[in-house]
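Inspection log for the structure reproduced underneath, given as structure tokens.
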Amino acid sequence: MQYMTEAQIDGIATETGKALSKEDKVTITIQPESGESHWEGGINGHFFRIRTGETVDVPQSLATLIAQSAQVRYESEARVRAYRKSGGKKVS
């Protein structure tokens with residue numbers, strides 16, 4: 001198996017950045033969930049650090065990623081809520 005070189009990884013990030021810059025922009029505000037001051041995430045090696053509580057314009061695919069990330073977090077919390085409330089459940 002061949003591993004990617006750092007130059008190849010940088011090329012992906014550069015290509016991704018170019019593609020993201022051409023996308024339509026969407027205005028969003030990320031609400032802090034637990035008092036965090038920033039949201040951090042990335043798409044194919046192109047990383048973002050966005051302040052929470054501020055209105056920003058982001059590429060559509062990044063807005064979709066942020067929304068999906070929030071949805072997964074909410075669904076995960078809902079699934080473990082019953083276990084936290086009762087101190088655990090017996091698994092049969």
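We name chains A, B, ... following the order of the structure tokens; residues begin at 1 in each chain, and ligands are numbered from 1 as shown.
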
*From segment 4-66 of chain A, collect each residue whose DSSP state is alpha helix (DSSP H) and return the set as a ChimeraX atom specification.*
/A:6-22,60-66

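Within 10 Å of Leu65 of chain A, once only C-alpha atoms are used and residues closer than 5 positions along the same chain are dropped, the contacting residues are A:Gly41, A:Gly42, A:Ile43, A:Gln60, A:Ala70, A:Gln71.
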
Determine which residues of segment 10-75 of chain A receive a DSSP assignment of strand (DSSP E), computed from the backbone, and state them as a JSON list (two decimals) with N, CA and C atoms, in the first residue's frame.
[["chain", "number", "residue", "atom", "x", "y", "z"],
["A", 25, "LYS", "N", -22.79, 30.94, -1.35],
["A", 25, "LYS", "CA", -22.62, 31.15, 0.08],
["A", 25, "LYS", "C", -23.98, 31.19, 0.78],
["A", 26, "VAL", "N", -23.99, 30.75, 2.02],
["A", 26, "VAL", "CA", -25.18, 30.71, 2.85],
["A", 26, "VAL", "C", -24.86, 31.45, 4.14],
["A", 27, "THR", "N", -25.77, 32.27, 4.62],
["A", 27, "THR", "CA", -25.57, 32.99, 5.87],
["A", 27, "THR", "C", -26.10, 32.13, 7.02],
["A", 28, "ILE", "N", -25.23, 31.87, 8.01],
["A", 28, "ILE", "CA", -25.61, 31.04, 9.15],
["A", 28, "ILE", "C", -25.12, 31.68, 10.45],
["A", 29, "THR", "N", -25.69, 31.23, 11.55],
["A", 29, "THR", "CA", -25.19, 31.55, 12.88],
["A", 29, "THR", "C", -25.14, 30.24, 13.65],
["A", 38, "HIS", "N", -16.01, 28.59, 19.51],
["A", 38, "HIS", "CA", -15.77, 28.31, 18.10],
["A", 38, "HIS", "C", -16.33, 26.95, 17.71],
["A", 39, "TRP", "N", -16.69, 26.83, 16.44],
["A", 39, "TRP", "CA", -16.99, 25.53, 15.84],
["A", 39, "TRP", "C", -15.80, 25.24, 14.93],
["A", 40, "GLU", "N", -15.31, 24.00, 14.97],
["A", 40, "GLU", "CA", -14.20, 23.62, 14.11],
["A", 40, "GLU", "C", -14.57, 22.38, 13.31],
["A", 41, "GLY", "N", -14.22, 22.38, 12.05],
["A", 41, "GLY", "CA", -14.48, 21.23, 11.20],
["A", 41, "GLY", "C", -13.77, 21.40, 9.87],
["A", 42, "GLY", "N", -13.82, 20.35, 9.08],
["A", 42, "GLY", "CA", -13.12, 20.42, 7.81],
["A", 42, "GLY", "C", -13.76, 19.57, 6.73],
["A", 43, "ILE", "N", -13.43, 19.91, 5.50],
["A", 43, "ILE", "CA", -13.88, 19.16, 4.34],
["A", 43, "ILE", "C", -12.65, 18.84, 3.51],
["A", 46, "HIS", "N", -9.49, 20.85, 4.11],
["A", 46, "HIS", "CA", -9.66, 22.31, 4.20],
["A", 46, "HIS", "C", -10.44, 22.58, 5.47],
["A", 47, "PHE", "N", -9.78, 23.20, 6.45],
["A", 47, "PHE", "CA", -10.37, 23.34, 7.78],
["A", 47, "PHE", "C", -10.88, 24.74, 8.05],
["A", 48, "PHE", "N", -11.90, 24.78, 8.91],
["A", 48, "PHE", "CA", -12.55, 26.04, 9.26],
["A", 48, "PHE", "C", -12.64, 26.15, 10.77],
["A", 49, "ARG", "N", -12.52, 27.36, 11.27],
["A", 49, "ARG", "CA", -12.76, 27.67, 12.67],
["A", 49, "ARG", "C", -13.67, 28.90, 12.66],
["A", 50, "ILE", "N", -14.91, 28.69, 13.10],
["A", 50, "ILE", "CA", -15.93, 29.73, 12.99],
["A", 50, "ILE", "C", -16.41, 30.10, 14.39],
["A", 51, "ARG", "N", -16.46, 31.39, 14.67],
["A", 51, "ARG", "CA", -16.96, 31.85, 15.97],
["A", 51, "ARG", "C", -18.44, 31.53, 16.10],
["A", 55, "THR", "N", -23.00, 35.90, 12.92],
["A", 55, "THR", "CA", -23.50, 35.61, 11.59],
["A", 55, "THR", "C", -22.33, 35.60, 10.61],
["A", 56, "VAL", "N", -22.24, 34.52, 9.82],
["A", 56, "VAL", "CA", -21.15, 34.38, 8.84],
["A", 56, "VAL", "C", -21.70, 33.81, 7.54],
["A", 57, "ASP", "N", -21.00, 34.10, 6.45],
["A", 57, "ASP", "CA", -21.32, 33.50, 5.15],
["A", 57, "ASP", "C", -20.34, 32.36, 4.91],
["A", 58, "VAL", "N", -20.88, 31.18, 4.61],
["A", 58, "VAL", "CA", -20.05, 29.99, 4.39],
["A", 58, "VAL", "C", -20.52, 29.30, 3.11],
["A", 59, "PRO", "N", -19.65, 28.48, 2.51],
["A", 59, "PRO", "CA", -20.07, 27.69, 1.34],
["A", 59, "PRO", "C", -21.22, 26.75, 1.72]]

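Nearest-residue note for Leu62 of chain A: choosing from A:Gly35, A:Gly17, A:Glu77, A:Gln2, the minimum distance belongs to A:Gly17, counting only C-alpha atoms.
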
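Take atom CA of Gly53 of chain A and atom CA of Gln31 of chain A: the distance between them is 5.2 Å.
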